[in-house]
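Containing TSV, C-alpha atoms: start34.tsv.
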```
chain	number	residue	atom	x	y	z
G	1	LEU	CA	20.80	-49.08	-2.12
G	2	LEU	CA	21.10	-45.78	-0.24
G	3	ARG	CA	24.33	-46.93	1.40
G	4	ARG	CA	25.78	-47.94	-1.92
G	5	ALA	CA	24.60	-44.71	-3.50
G	6	ALA	CA	26.27	-42.72	-0.76
G	7	ASP	CA	29.49	-44.69	-1.21
G	8	LEU	CA	29.53	-44.11	-4.94
G	9	ILE	CA	28.72	-40.43	-4.67
G	10	SER	CA	31.34	-39.88	-1.96
G	11	ARG	CA	34.05	-41.11	-4.33
G	12	MET	CA	33.62	-37.91	-6.29
G	13	ASN	CA	34.81	-35.73	-3.41
G	14	VAL	CA	38.47	-36.68	-3.85
G	15	LEU	CA	38.55	-34.85	-7.18
G	16	ARG	CA	38.39	-31.43	-5.52
G	17	SER	CA	41.15	-29.16	-4.28
G	18	CYS	CA	42.12	-28.59	-0.67
G	19	VAL	CA	39.91	-25.51	-0.71
G	20	PHE	CA	36.97	-27.65	-1.74
G	21	ALA	CA	37.71	-30.17	1.01
G	22	ALA	CA	37.87	-27.36	3.53
G	23	ALA	CA	34.49	-26.16	2.33
G	24	LEU	CA	32.98	-29.55	3.01
G	25	ALA	CA	34.54	-29.74	6.46
G	26	ILE	CA	33.27	-26.30	7.43
G	27	SER	CA	29.81	-27.04	6.04
G	28	ALA	CA	29.55	-30.24	8.00
G	29	GLY	CA	30.08	-28.23	11.17
G	30	LEU	CA	33.29	-30.04	12.14
G	31	VAL	CA	34.02	-27.55	14.90
G	32	PRO	CA	33.87	-27.89	18.68
G	33	SER	CA	30.77	-26.21	20.08
G	34	ALA	CA	32.61	-25.48	23.33
G	35	LEU	CA	34.34	-22.57	21.59
G	36	ALA	CA	31.08	-20.75	20.96
G	37	GLN	CA	30.19	-17.78	23.14
G	38	ALA	CA	26.74	-17.82	24.69
G	39	ASP	CA	26.11	-14.13	25.23
G	40	ILE	CA	22.69	-14.45	23.59
G	41	THR	CA	20.42	-16.37	25.93
G	42	PRO	CA	17.72	-18.80	24.76
G	43	ASP	CA	14.92	-16.43	25.75
G	44	VAL	CA	16.30	-13.86	23.27
G	45	ARG	CA	16.77	-16.40	20.47
G	46	ARG	CA	13.25	-17.69	20.98
G	47	SER	CA	11.47	-14.38	21.41
G	48	ALA	CA	8.54	-13.98	19.00
G	49	GLN	CA	9.26	-10.25	18.79
G	50	LEU	CA	12.54	-8.74	19.91
G	51	SER	CA	12.55	-5.70	22.15
G	52	THR	CA	14.79	-2.72	21.49
G	53	ASP	CA	17.27	-3.98	24.07
G	54	GLN	CA	17.23	-7.50	22.61
G	55	THR	CA	17.81	-6.15	19.11
G	56	ALA	CA	20.75	-4.13	20.39
G	57	LEU	CA	22.13	-7.26	22.07
G	58	VAL	CA	21.96	-9.19	18.80
G	59	GLN	CA	23.70	-6.40	16.91
G	60	ARG	CA	26.44	-6.16	19.56
G	61	PHE	CA	26.95	-9.93	19.59
G	62	VAL	CA	27.36	-10.07	15.83
G	63	LYS	CA	29.76	-7.16	15.84
G	64	ASP	CA	31.84	-8.64	18.66
G	65	ASN	CA	32.02	-12.06	16.99
G	66	SER	CA	32.65	-11.20	13.36
G	67	GLY	CA	35.86	-9.16	13.33
G	68	GLY	CA	38.04	-12.20	12.76
G	69	LEU	CA	36.02	-13.83	9.98
G	70	GLY	CA	38.09	-12.27	7.20
G	71	SER	CA	41.44	-12.49	8.96
G	72	ASP	CA	44.43	-14.67	8.11
G	73	ASN	CA	44.38	-16.18	11.60
G	74	PRO	CA	42.62	-19.58	11.45
G	75	GLN	CA	41.89	-19.54	15.18
G	76	SER	CA	40.16	-16.16	14.95
G	77	VAL	CA	38.13	-17.26	11.95
G	78	ARG	CA	37.13	-20.48	13.66
G	79	ARG	CA	36.23	-18.79	16.95
G	80	ASN	CA	33.97	-16.25	15.24
G	81	ARG	CA	32.35	-18.79	12.94
G	82	VAL	CA	31.53	-21.16	15.78
G	83	ALA	CA	30.11	-18.40	17.96
G	84	LEU	CA	27.79	-17.23	15.18
G	85	LEU	CA	26.71	-20.67	14.01
G	86	GLU	CA	25.87	-21.83	17.51
G	87	GLN	CA	23.21	-19.13	17.80
G	88	LEU	CA	21.63	-20.32	14.55
G	89	ALA	CA	21.76	-23.97	15.60
G	90	ASP	CA	19.01	-23.45	18.19
G	91	PRO	CA	16.03	-25.36	16.67
G	92	GLN	CA	13.65	-23.06	18.53
G	93	ALA	CA	15.21	-19.82	17.30
G	94	SER	CA	12.39	-17.54	16.18
G	95	PRO	CA	12.03	-15.96	12.74
G	96	ALA	CA	12.26	-12.55	14.44
G	97	PHE	CA	15.65	-13.48	15.91
G	98	ARG	CA	16.95	-14.89	12.62
G	99	VAL	CA	15.88	-11.79	10.71
G	100	GLU	CA	17.59	-9.45	13.18
G	101	PHE	CA	20.68	-11.66	13.21
G	102	SER	CA	20.67	-11.57	9.41
G	103	LYS	CA	20.30	-7.79	9.30
G	104	ALA	CA	23.38	-7.46	11.47
G	105	LEU	CA	25.49	-10.16	9.78
G	106	VAL	CA	24.76	-10.04	6.04
G	107	PRO	CA	26.32	-6.57	5.51
G	108	LEU	CA	29.52	-7.98	7.03
G	109	LEU	CA	29.44	-11.11	4.86
G	110	ARG	CA	28.98	-9.36	1.53
G	111	PRO	CA	32.50	-7.81	1.43
G	112	MET	CA	33.92	-11.25	2.18
G	113	LEU	CA	32.36	-12.58	-1.03
G	114	SER	CA	34.25	-10.01	-3.09
G	115	SER	CA	37.52	-10.43	-1.20
G	116	GLY	CA	38.97	-12.95	-3.65
G	117	ALA	CA	40.08	-15.16	-0.74
G	118	ASP	CA	38.48	-18.58	-1.10
G	119	MET	CA	38.35	-19.37	2.60
G	120	ALA	CA	36.76	-16.02	3.43
G	121	ILE	CA	34.17	-16.61	0.71
G	122	ILE	CA	33.46	-20.14	1.94
G	123	ASN	CA	33.02	-18.96	5.53
G	124	ALA	CA	30.59	-16.29	4.36
G	125	LEU	CA	28.56	-18.87	2.45
G	126	VAL	CA	28.48	-21.30	5.39
G	127	LEU	CA	26.98	-18.59	7.57
G	128	ALA	CA	24.60	-17.39	4.85
G	129	GLY	CA	23.22	-20.89	4.40
G	130	ASP	CA	22.43	-21.30	8.08
G	131	LEU	CA	20.84	-17.84	8.32
G	132	ALA	CA	18.05	-18.88	5.94
G	133	THR	CA	16.67	-15.42	5.25
G	134	GLY	CA	15.91	-13.54	2.07
G	135	ASP	CA	19.05	-11.40	2.45
G	136	SER	CA	21.32	-14.37	3.08
G	137	VAL	CA	19.92	-16.27	0.11
G	138	ALA	CA	20.80	-13.29	-2.10
G	139	LEU	CA	24.45	-13.87	-1.17
G	140	LEU	CA	24.18	-17.53	-2.10
G	141	ARG	CA	22.60	-16.72	-5.45
G	142	ASP	CA	25.42	-14.31	-6.24
G	143	ALA	CA	27.99	-16.97	-5.37
G	144	LEU	CA	26.37	-19.43	-7.80
G	145	LYS	CA	27.74	-17.17	-10.55
G	146	SER	CA	31.35	-17.69	-9.43
G	147	PRO	CA	33.77	-19.07	-12.04
G	148	LYS	CA	35.19	-21.39	-9.36
G	149	PRO	CA	33.43	-24.76	-8.96
G	150	ALA	CA	34.33	-24.99	-5.25
G	151	ILE	CA	32.56	-21.69	-4.57
G	152	ARG	CA	29.51	-22.68	-6.64
G	153	TYR	CA	29.35	-25.98	-4.77
G	154	GLN	CA	29.48	-24.20	-1.43
G	155	ALA	CA	26.70	-21.86	-2.55
G	156	ALA	CA	24.60	-24.89	-3.47
G	157	PHE	CA	25.38	-26.43	-0.10
G	158	GLY	CA	24.23	-23.20	1.51
G	159	MET	CA	20.94	-23.48	-0.37
G	160	ARG	CA	20.57	-26.99	0.99
G	161	ARG	CA	21.17	-25.76	4.55
G	162	THR	CA	18.61	-23.01	3.98
G	163	PHE	CA	15.91	-25.49	3.02
G	164	GLU	CA	16.82	-27.76	5.93
G	165	ALA	CA	16.33	-24.78	8.25
G	166	LEU	CA	13.06	-23.78	6.59
G	167	ALA	CA	11.69	-27.31	6.94
G	168	ALA	CA	12.31	-27.21	10.68
G	169	MET	CA	10.68	-23.81	11.26
G	170	ALA	CA	7.16	-23.53	12.62
G	171	THR	CA	7.02	-20.08	11.03
G	172	PRO	CA	9.41	-19.71	8.07
G	173	THR	CA	11.68	-16.71	7.74
G	174	MET	CA	10.81	-16.40	4.06
G	175	ARG	CA	7.56	-16.19	2.13
G	176	ASN	CA	6.65	-19.14	-0.04
G	177	ASP	CA	7.13	-17.11	-3.23
G	178	GLN	CA	10.70	-16.31	-2.12
G	179	SER	CA	11.39	-20.00	-1.54
G	180	GLU	CA	9.91	-20.87	-4.92
G	181	GLU	CA	12.24	-18.36	-6.56
G	182	ILE	CA	15.22	-20.18	-5.05
G	183	VAL	CA	13.90	-23.45	-6.46
G	184	ARG	CA	13.63	-21.87	-9.91
G	185	GLU	CA	17.22	-20.70	-9.59
G	186	LEU	CA	18.37	-24.20	-8.67
G	187	ALA	CA	16.50	-25.70	-11.63
G	188	THR	CA	18.06	-23.18	-14.02
G	189	ARG	CA	21.52	-23.84	-12.65
G	190	ILE	CA	21.12	-27.62	-12.83
G	191	SER	CA	20.36	-27.34	-16.54
G	192	ALA	CA	23.33	-25.06	-17.26
G	193	GLU	CA	26.02	-26.34	-14.86
G	194	GLU	CA	28.86	-28.33	-16.41
G	195	ASP	CA	30.77	-29.40	-13.30
G	196	ALA	CA	29.39	-32.76	-12.10
G	197	LEU	CA	30.06	-32.12	-8.41
G	198	VAL	CA	28.33	-28.75	-8.53
G	199	VAL	CA	25.39	-30.43	-10.29
G	200	ASP	CA	25.34	-32.91	-7.41
G	201	GLY	CA	25.24	-30.06	-4.89
G	202	LEU	CA	22.44	-28.27	-6.73
G	203	ILE	CA	20.41	-31.47	-6.92
G	204	TYR	CA	20.92	-32.09	-3.20
G	205	ALA	CA	19.58	-28.61	-2.45
G	206	GLY	CA	16.58	-29.20	-4.69
G	207	ILE	CA	15.77	-32.49	-2.99
G	208	GLU	CA	15.86	-30.71	0.39
G	209	ALA	CA	13.45	-28.12	-1.00
G	210	ALA	CA	11.02	-30.91	-1.86
G	211	ARG	CA	11.05	-31.94	1.81
G	212	VAL	CA	9.58	-28.59	2.85
G	213	PRO	CA	5.84	-29.38	3.05
G	214	THR	CA	4.68	-26.16	1.40
G	215	LEU	CA	7.17	-26.62	-1.45
G	216	ARG	CA	6.82	-30.36	-2.08
G	217	SER	CA	4.98	-30.35	-5.39
G	218	PHE	CA	6.57	-27.17	-6.72
G	219	ALA	CA	10.13	-28.28	-5.96
G	220	LEU	CA	9.61	-31.86	-7.12
G	221	ALA	CA	8.23	-30.70	-10.47
G	222	ARG	CA	11.01	-28.16	-11.11
G	223	ILE	CA	13.95	-30.21	-9.94
G	224	ALA	CA	12.82	-33.46	-11.58
G	225	GLY	CA	12.11	-31.50	-14.75
G	226	ALA	CA	15.53	-29.83	-14.72
G	227	VAL	CA	17.37	-33.11	-14.24
G	228	ALA	CA	15.25	-34.76	-16.94
G	229	THR	CA	16.22	-31.97	-19.33
G	230	LYS	CA	19.88	-32.45	-18.47
G	231	VAL	CA	19.67	-36.21	-19.04
G	232	LYS	CA	17.90	-35.65	-22.38
G	233	ALA	CA	20.87	-33.58	-23.54
G	234	LEU	CA	23.25	-36.48	-22.84
G	235	THR	CA	22.96	-37.94	-26.32
G	236	GLY	CA	26.20	-39.92	-26.31
G	237	GLY	CA	27.00	-43.21	-24.65
G	238	ALA	CA	27.86	-43.85	-21.02
G	239	GLY	CA	28.37	-40.68	-19.02
G	240	SER	CA	31.07	-40.10	-16.44
G	241	GLU	CA	31.01	-41.72	-13.03
G	242	GLN	CA	30.78	-38.29	-11.41
G	243	LEU	CA	27.76	-37.17	-13.39
G	244	SER	CA	26.07	-40.55	-13.08
G	245	GLY	CA	26.53	-40.29	-9.32
G	246	ALA	CA	24.75	-36.93	-9.33
G	247	LEU	CA	21.92	-38.41	-11.38
G	248	LEU	CA	21.68	-41.27	-8.89
G	249	ARG	CA	21.26	-38.77	-6.06
G	250	ALA	CA	18.43	-37.12	-8.01
G	251	SER	CA	16.71	-40.42	-8.69
G	252	VAL	CA	16.94	-41.58	-5.08
G	253	GLY	CA	15.60	-38.24	-3.86
G	254	VAL	CA	12.67	-38.27	-6.27
G	255	ARG	CA	11.92	-41.91	-5.51
G	256	ASP	CA	11.85	-41.19	-1.79
G	257	ALA	CA	9.61	-38.17	-2.30
G	258	LEU	CA	7.10	-40.27	-4.25
G	259	SER	CA	7.22	-43.23	-1.86
G	260	SER	CA	6.50	-40.98	1.13
G	261	THR	CA	3.39	-39.41	-0.38
G	262	GLN	CA	-0.17	-40.58	-0.81
G	263	ALA	CA	-2.36	-40.17	-3.88
G	264	GLY	CA	-3.51	-36.57	-4.10
G	265	GLN	CA	-0.76	-35.13	-1.89
G	266	THR	CA	1.54	-34.37	-4.80
G	267	SER	CA	0.34	-32.46	-7.85
G	268	PRO	CA	-0.17	-34.30	-11.17
G	269	GLU	CA	2.43	-31.97	-12.69
G	270	ALA	CA	5.04	-33.08	-10.15
G	271	VAL	CA	4.20	-36.77	-10.56
G	272	LYS	CA	4.44	-36.52	-14.35
G	273	ALA	CA	7.78	-34.67	-14.08
G	274	ALA	CA	9.05	-37.48	-11.86
G	275	ALA	CA	7.84	-40.07	-14.37
G	276	GLU	CA	9.64	-38.24	-17.16
G	277	LEU	CA	12.84	-38.21	-15.12
G	278	GLY	CA	12.50	-41.96	-14.56
G	279	GLY	CA	11.99	-42.48	-18.27
G	280	ARG	CA	14.95	-40.30	-19.23
G	281	LEU	CA	17.22	-42.17	-16.83
G	282	ILE	CA	16.16	-45.57	-18.15
G	283	ALA	CA	16.78	-44.38	-21.70
G	284	TYR	CA	20.16	-43.00	-20.59
G	285	CYS	CA	21.10	-46.47	-19.35
G	286	VAL	CA	19.84	-48.11	-22.54
G	287	ARG	CA	21.99	-45.81	-24.66
G	288	GLY	CA	25.02	-46.61	-22.52
G	289	VAL	CA	24.50	-50.34	-23.05
G	290	GLU	CA	23.56	-50.32	-26.71
G	291	SER	CA	26.34	-47.94	-27.73
G	292	LYS	CA	28.78	-50.41	-26.14
G	293	SER	CA	30.26	-47.53	-24.14
G	294	LEU	CA	29.21	-49.05	-20.82
G	295	PRO	CA	31.94	-51.60	-20.10
G	296	MET	CA	31.27	-55.22	-19.30
G	297	ALA	CA	32.63	-55.85	-15.83
G	298	GLN	CA	32.24	-58.18	-12.88
G	299	LYS	CA	32.59	-57.46	-9.18
G	300	GLY	CA	36.19	-56.71	-8.26
G	301	GLU	CA	37.11	-55.33	-11.67
G	302	VAL	CA	37.97	-51.67	-12.20
G	303	ASP	CA	34.99	-50.92	-14.44
G	304	TYR	CA	32.51	-52.59	-12.11
G	305	VAL	CA	31.87	-49.31	-10.25
G	306	ILE	CA	30.32	-47.57	-13.25
G	307	ARG	CA	28.42	-50.74	-14.23
G	308	GLU	CA	26.95	-51.03	-10.73
G	309	LEU	CA	26.14	-47.31	-10.69
G	310	TYR	CA	24.15	-47.68	-13.91
G	311	ALA	CA	22.38	-50.72	-12.47
G	312	GLN	CA	21.31	-48.70	-9.44
G	313	LEU	CA	20.18	-45.87	-11.69
G	314	ALA	CA	18.05	-48.28	-13.69
G	315	THR	CA	16.56	-49.85	-10.57
G	316	THR	CA	15.66	-46.50	-9.02
G	317	ALA	CA	14.32	-45.08	-12.28
G	318	GLU	CA	12.07	-48.11	-12.80
G	319	THR	CA	10.74	-47.67	-9.26
G	320	ILE	CA	10.01	-44.00	-9.97
G	321	VAL	CA	7.98	-44.86	-13.07
G	322	LEU	CA	5.96	-47.54	-11.26
G	323	LEU	CA	5.33	-45.31	-8.23
G	324	ALA	CA	4.25	-42.44	-10.47
G	325	ALA	CA	1.79	-44.70	-12.28
G	326	THR	CA	0.33	-45.82	-8.96
G	327	LEU	CA	-0.03	-42.25	-7.69
G	328	GLN	CA	-1.84	-41.34	-10.91
G	329	GLY	CA	-4.39	-44.08	-10.33
G	330	ALA	CA	-3.05	-46.58	-12.86
G	331	THR	CA	-2.26	-50.22	-12.23
G	332	PRO	CA	1.44	-50.55	-13.05
G	333	PRO	CA	2.99	-53.79	-14.30
G	334	GLU	CA	5.22	-55.82	-12.03
G	335	SER	CA	8.81	-54.74	-11.82
G	336	ARG	CA	11.02	-56.34	-14.46
G	337	LYS	CA	14.05	-55.83	-12.17
G	338	ILE	CA	15.93	-54.19	-14.99
G	339	GLY	CA	18.76	-53.09	-12.71
G	340	GLU	CA	19.62	-56.66	-11.81
G	341	LYS	CA	19.90	-57.57	-15.48
G	342	LEU	CA	22.17	-54.61	-16.10
G	343	LYS	CA	24.32	-55.55	-13.13
G	344	ALA	CA	24.74	-59.13	-14.41
G	345	SER	CA	26.90	-57.68	-17.19
G	346	THR	CA	26.59	-60.38	-19.84
G	347	THR	CA	25.63	-60.09	-23.47
G	348	ILE	CA	22.38	-61.96	-22.84
G	349	SER	CA	21.43	-59.96	-19.72
G	350	ASP	CA	22.17	-56.65	-21.48
G	351	ALA	CA	19.91	-57.67	-24.35
G	352	SER	CA	17.19	-58.63	-21.88
G	353	PHE	CA	17.65	-55.29	-20.13
G	354	GLY	CA	17.05	-53.42	-23.39
G	355	GLU	CA	13.88	-55.39	-24.12
G	356	ASP	CA	12.43	-54.88	-20.64
G	357	ALA	CA	13.38	-51.20	-20.56
G	358	ARG	CA	11.36	-50.66	-23.73
G	359	LEU	CA	8.26	-51.97	-21.98
G	360	LEU	CA	8.49	-48.76	-19.96
G	361	VAL	CA	10.10	-46.21	-22.28
G	362	GLY	CA	9.73	-47.63	-25.79
G	363	ARG	CA	7.41	-46.18	-28.42
G	364	THR	CA	4.52	-48.27	-27.09
G	365	GLY	CA	5.79	-48.57	-23.52
G	366	LEU	CA	4.05	-47.68	-20.27
G	367	LEU	CA	4.95	-44.00	-20.43
G	368	SER	CA	3.35	-43.62	-23.86
G	369	LYS	CA	-0.03	-44.61	-22.41
G	370	ALA	CA	-2.51	-42.99	-20.02
G	371	PRO	CA	-2.20	-41.44	-17.53
G	372	PHE	CA	1.15	-40.12	-18.85
G	373	SER	CA	0.64	-40.19	-22.63
G	374	PHE	CA	4.14	-39.08	-23.59
G	375	ASP	CA	4.55	-38.93	-27.36
G	376	PRO	CA	5.98	-42.11	-28.92
G	377	GLY	CA	9.73	-41.68	-29.31
G	378	THR	CA	10.02	-39.27	-26.39
G	379	PHE	CA	12.57	-41.50	-24.69
G	380	LEU	CA	13.76	-43.96	-27.33
G	381	ASP	CA	13.30	-43.91	-31.09
G	382	ASN	CA	12.99	-47.67	-31.39
```
This entry written out as structure tokens:
Amino acid sequence: LLRRAADLISRMNVLRSCVFAAALAISAGLVPSALAQADITPDVRRSAQLSTDQTALVQRFVKDNSGGLGSDNPQSVRRNRVALLEQLADPQASPAFRVEFSKALVPLLRPMLSSGADMAIINALVLAGDLATGDSVALLRDALKSPKPAIRYQAAFGMRRTFEALAAMATPTMRNDQSEEIVRELATRISAEEDALVVDGLIYAGIEAARVPTLRSFALARIAGAVATKVKALTGGAGSEQLSGALLRASVGVRDALSSTQAGQTSPEAVKAAAELGGRLIAYCVRGVESKSLPMAQKGEVDYVIRELYAQLATTAETIVLLAATLQGATPPESRKIGEKLKASTTISDASFGEDARLLVGRTGLLSKAPFSFDPGTFLDN
């Protein structure tokens, strides 16, 4: 399922401009590490508290390796970016080092964000994401307000990189309340964002936040809740392939978060938010089928991609609901394998899908009962 999900989601990337493609390449770190300068030794990067001389070394290194970042020379930009990123790639780099590195670099990145040059902005956001400090996150949050989808996507990707870095730190560079504020920002943006690929990037960042142990419940509750709200607003028939791909990423991330936890490790609020997301996604699939806007298609046909995507959404959403019930101490029913019925793409299997889906999200379905007790009609009116 994950491989198929990745394949479906990756199809969306071709819809972006060359600038957007360049952003993805830079973010993925597709640069040769041999170009990076190693003037900062490991003992400096890993020092719990930097001396005056070490601080001066960091400042000098940043100054010497940042002059080309905003230039029109691709080689200069690349050389500086690689040199800076390589210092941040050390998994044992201390919070003290990162903070000093950030103090030296962020003031140089901020003018790049207002330069109007997309590549300069993207480079600034790549570096800000890997810095993973309060000051660097402020740059990312500003970039989320950009009118350009490619820039907003890169800002979301930077948030994802920030949470990846935080998860790997023995001592985080940011307080938990600062990290929670980023999660709130992501949730707000997910609800308001109209570009499907940017939504996908925001969701990805939120899922990474939920992998940070100290943020698990908080992030899961906010991100699942934000995606559920977005799905609720989709009152029409079948949504676009791009948006459905983003929703699939959310469902897979939430499913994995629930399946990797034990009862009591995740807050009841987070589990209920996950259950609501599962319910909203199942109802979303039901509306697509019953409005006749989800095309009938068999493998090999053009419309099969969206049909299969919906089937995977239904499968993952059903799993979320059943896992949530288990974590809440209930005894869930056996899976009805609703995704397989949706994938079969026949009139009879679609009807069977609708009947089985209502056992979970109908007015008297599983989610209307304890321990969830959602009001009848929360997901489907009939």
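Using only C-alpha atoms, the smallest distance between any of G:Gly288, G:Pro333, G:Gly362, G:Pro213 and Asp375 (chain G) comes from G:Gly362.
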Can you work out which one of G:Gly365, G:Pro42, G:Gly278, G:Pro295 has the shortest atom-to-atom distance to Leu323 (chain G), counting only C-alpha atoms?
G:Gly278
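Going from CA of Arg211 (chain G) to CA of Arg161 (chain G) covers 12.2 Å.
The neighbours of Ile151 (chain G) here are the residues that come within 9 Å of it, using only C-alpha atoms and leaving out any residue fewer than 4 positions away in the same chain; they are Phe20, Ala23, Asp118, Ile121, Ile122, Leu125, Ala143, Leu144, Lys145, Ser146, Pro147, Ala155 and Ala156 of chain G.
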Quick one: residues within 12 Å of Glu340 (chain G), all atoms listed in the file, excluding same-chain residues fewer than 5 positions away - as a PyMOL selection string?
chain G and resi 307-316+318+335+345-346+349-350+352-353+356
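Each of G:Asn123, G:Gln298, G:Gln59, G:Thr266 was checked against Val77 (chain G) using all atoms listed in the file; the smallest atom-to-atom distance is that of G:Asn123.
Closest approach to Lys103 (chain G) among G:Leu360, G:Ile320, G:Ala56, G:Ala170 is made by G:Ala56 (distances from all atoms listed in the file).
Rounded to one decimal, CA of Ala104 (chain G) and CA of Asp142 (chain G) lie 19.1 Å from each other.
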When distances are computed from all atoms listed in the file, which of G:Tyr204, G:Phe218, G:Tyr304, G:Phe97 shows the smallest separation from Arg160 (chain G)?
G:Tyr204
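The list of residues with at least one atom within 9 Å of region 135-138 of chain G, based on all atoms listed in the file and without residues fewer than 2 positions apart in the same chain, reads Val99, Ser102, Lys103, Leu105, Val106, Leu109, Leu125, Leu127, Ala128, Gly129, Asp130, Leu131, Ala132, Thr133, Leu140, Arg141, Asp142, Ala143, Gly158, Met159, Thr162 and Ile182 of chain G.
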Atoms kept (C-alpha atoms) for selection, written as a CSV table (one decimal), in the coordinates of the input:
```csv
chain,number,residue,atom,x,y,z
G,99,VAL,CA,15.9,-11.8,10.7
G,102,SER,CA,20.7,-11.6,9.4
G,103,LYS,CA,20.3,-7.8,9.3
G,105,LEU,CA,25.5,-10.2,9.8
G,106,VAL,CA,24.8,-10.0,6.0
G,109,LEU,CA,29.4,-11.1,4.9
G,125,LEU,CA,28.6,-18.9,2.4
G,127,LEU,CA,27.0,-18.6,7.6
G,128,ALA,CA,24.6,-17.4,4.8
G,129,GLY,CA,23.2,-20.9,4.4
G,130,ASP,CA,22.4,-21.3,8.1
G,131,LEU,CA,20.8,-17.8,8.3
G,132,ALA,CA,18.0,-18.9,5.9
G,133,THR,CA,16.7,-15.4,5.2
G,140,LEU,CA,24.2,-17.5,-2.1
G,141,ARG,CA,22.6,-16.7,-5.4
G,142,ASP,CA,25.4,-14.3,-6.2
G,143,ALA,CA,28.0,-17.0,-5.4
G,158,GLY,CA,24.2,-23.2,1.5
G,159,MET,CA,20.9,-23.5,-0.4
G,162,THR,CA,18.6,-23.0,4.0
G,182,ILE,CA,15.2,-20.2,-5.0
```
Non-local contacts of Glu164 (chain G) (8 Å; only C-alpha atoms; under 3 positions in same chain excluded) as a PyMOL selection string
chain G and resi 160-161+167-168+208-209+212
Would you mind putting back N, CA and C atoms on region 182-193 of chain G, then writing it out as a PDB file, keeping the file's coordinate frame?
```
ATOM      1  N   ILE G 182      13.959 -19.456  -5.229  1.00  0.00           N
ATOM      2  CA  ILE G 182      15.220 -20.180  -5.050  1.00  0.00           C
ATOM      3  C   ILE G 182      15.173 -21.501  -5.820  1.00  0.00           C
ATOM      4  N   VAL G 183      14.048 -22.182  -5.744  1.00  0.00           N
ATOM      5  CA  VAL G 183      13.900 -23.450  -6.460  1.00  0.00           C
ATOM      6  C   VAL G 183      14.069 -23.230  -7.966  1.00  0.00           C
ATOM      7  N   ARG G 184      13.473 -22.168  -8.470  1.00  0.00           N
ATOM      8  CA  ARG G 184      13.630 -21.870  -9.910  1.00  0.00           C
ATOM      9  C   ARG G 184      15.102 -21.634 -10.255  1.00  0.00           C
ATOM     10  N   GLU G 185      15.793 -20.941  -9.368  1.00  0.00           N
ATOM     11  CA  GLU G 185      17.220 -20.700  -9.590  1.00  0.00           C
ATOM     12  C   GLU G 185      17.997 -22.011  -9.625  1.00  0.00           C
ATOM     13  N   LEU G 186      17.697 -22.896  -8.699  1.00  0.00           N
ATOM     14  CA  LEU G 186      18.370 -24.200  -8.670  1.00  0.00           C
ATOM     15  C   LEU G 186      18.108 -24.968  -9.960  1.00  0.00           C
ATOM     16  N   ALA G 187      16.859 -24.971 -10.411  1.00  0.00           N
ATOM     17  CA  ALA G 187      16.500 -25.700 -11.630  1.00  0.00           C
ATOM     18  C   ALA G 187      17.257 -25.133 -12.834  1.00  0.00           C
ATOM     19  N   THR G 188      17.332 -23.814 -12.917  1.00  0.00           N
ATOM     20  CA  THR G 188      18.060 -23.180 -14.020  1.00  0.00           C
ATOM     21  C   THR G 188      19.535 -23.550 -13.981  1.00  0.00           C
ATOM     22  N   ARG G 189      20.098 -23.539 -12.789  1.00  0.00           N
ATOM     23  CA  ARG G 189      21.520 -23.840 -12.650  1.00  0.00           C
ATOM     24  C   ARG G 189      21.815 -25.313 -12.939  1.00  0.00           C
ATOM     25  N   ILE G 190      20.926 -26.196 -12.542  1.00  0.00           N
ATOM     26  CA  ILE G 190      21.120 -27.620 -12.830  1.00  0.00           C
ATOM     27  C   ILE G 190      21.230 -27.829 -14.348  1.00  0.00           C
ATOM     28  N   SER G 191      20.369 -27.175 -15.082  1.00  0.00           N
ATOM     29  CA  SER G 191      20.360 -27.340 -16.540  1.00  0.00           C
ATOM     30  C   SER G 191      21.633 -26.813 -17.182  1.00  0.00           C
ATOM     31  N   ALA G 192      22.195 -25.720 -16.611  1.00  0.00           N
ATOM     32  CA  ALA G 192      23.330 -25.060 -17.260  1.00  0.00           C
ATOM     33  C   ALA G 192      24.684 -25.510 -16.719  1.00  0.00           C
ATOM     34  N   GLU G 193      24.734 -26.023 -15.500  1.00  0.00           N
ATOM     35  CA  GLU G 193      26.020 -26.340 -14.860  1.00  0.00           C
ATOM     36  C   GLU G 193      26.743 -27.483 -15.564  1.00  0.00           C
TER      37      GLU G 193
END
```
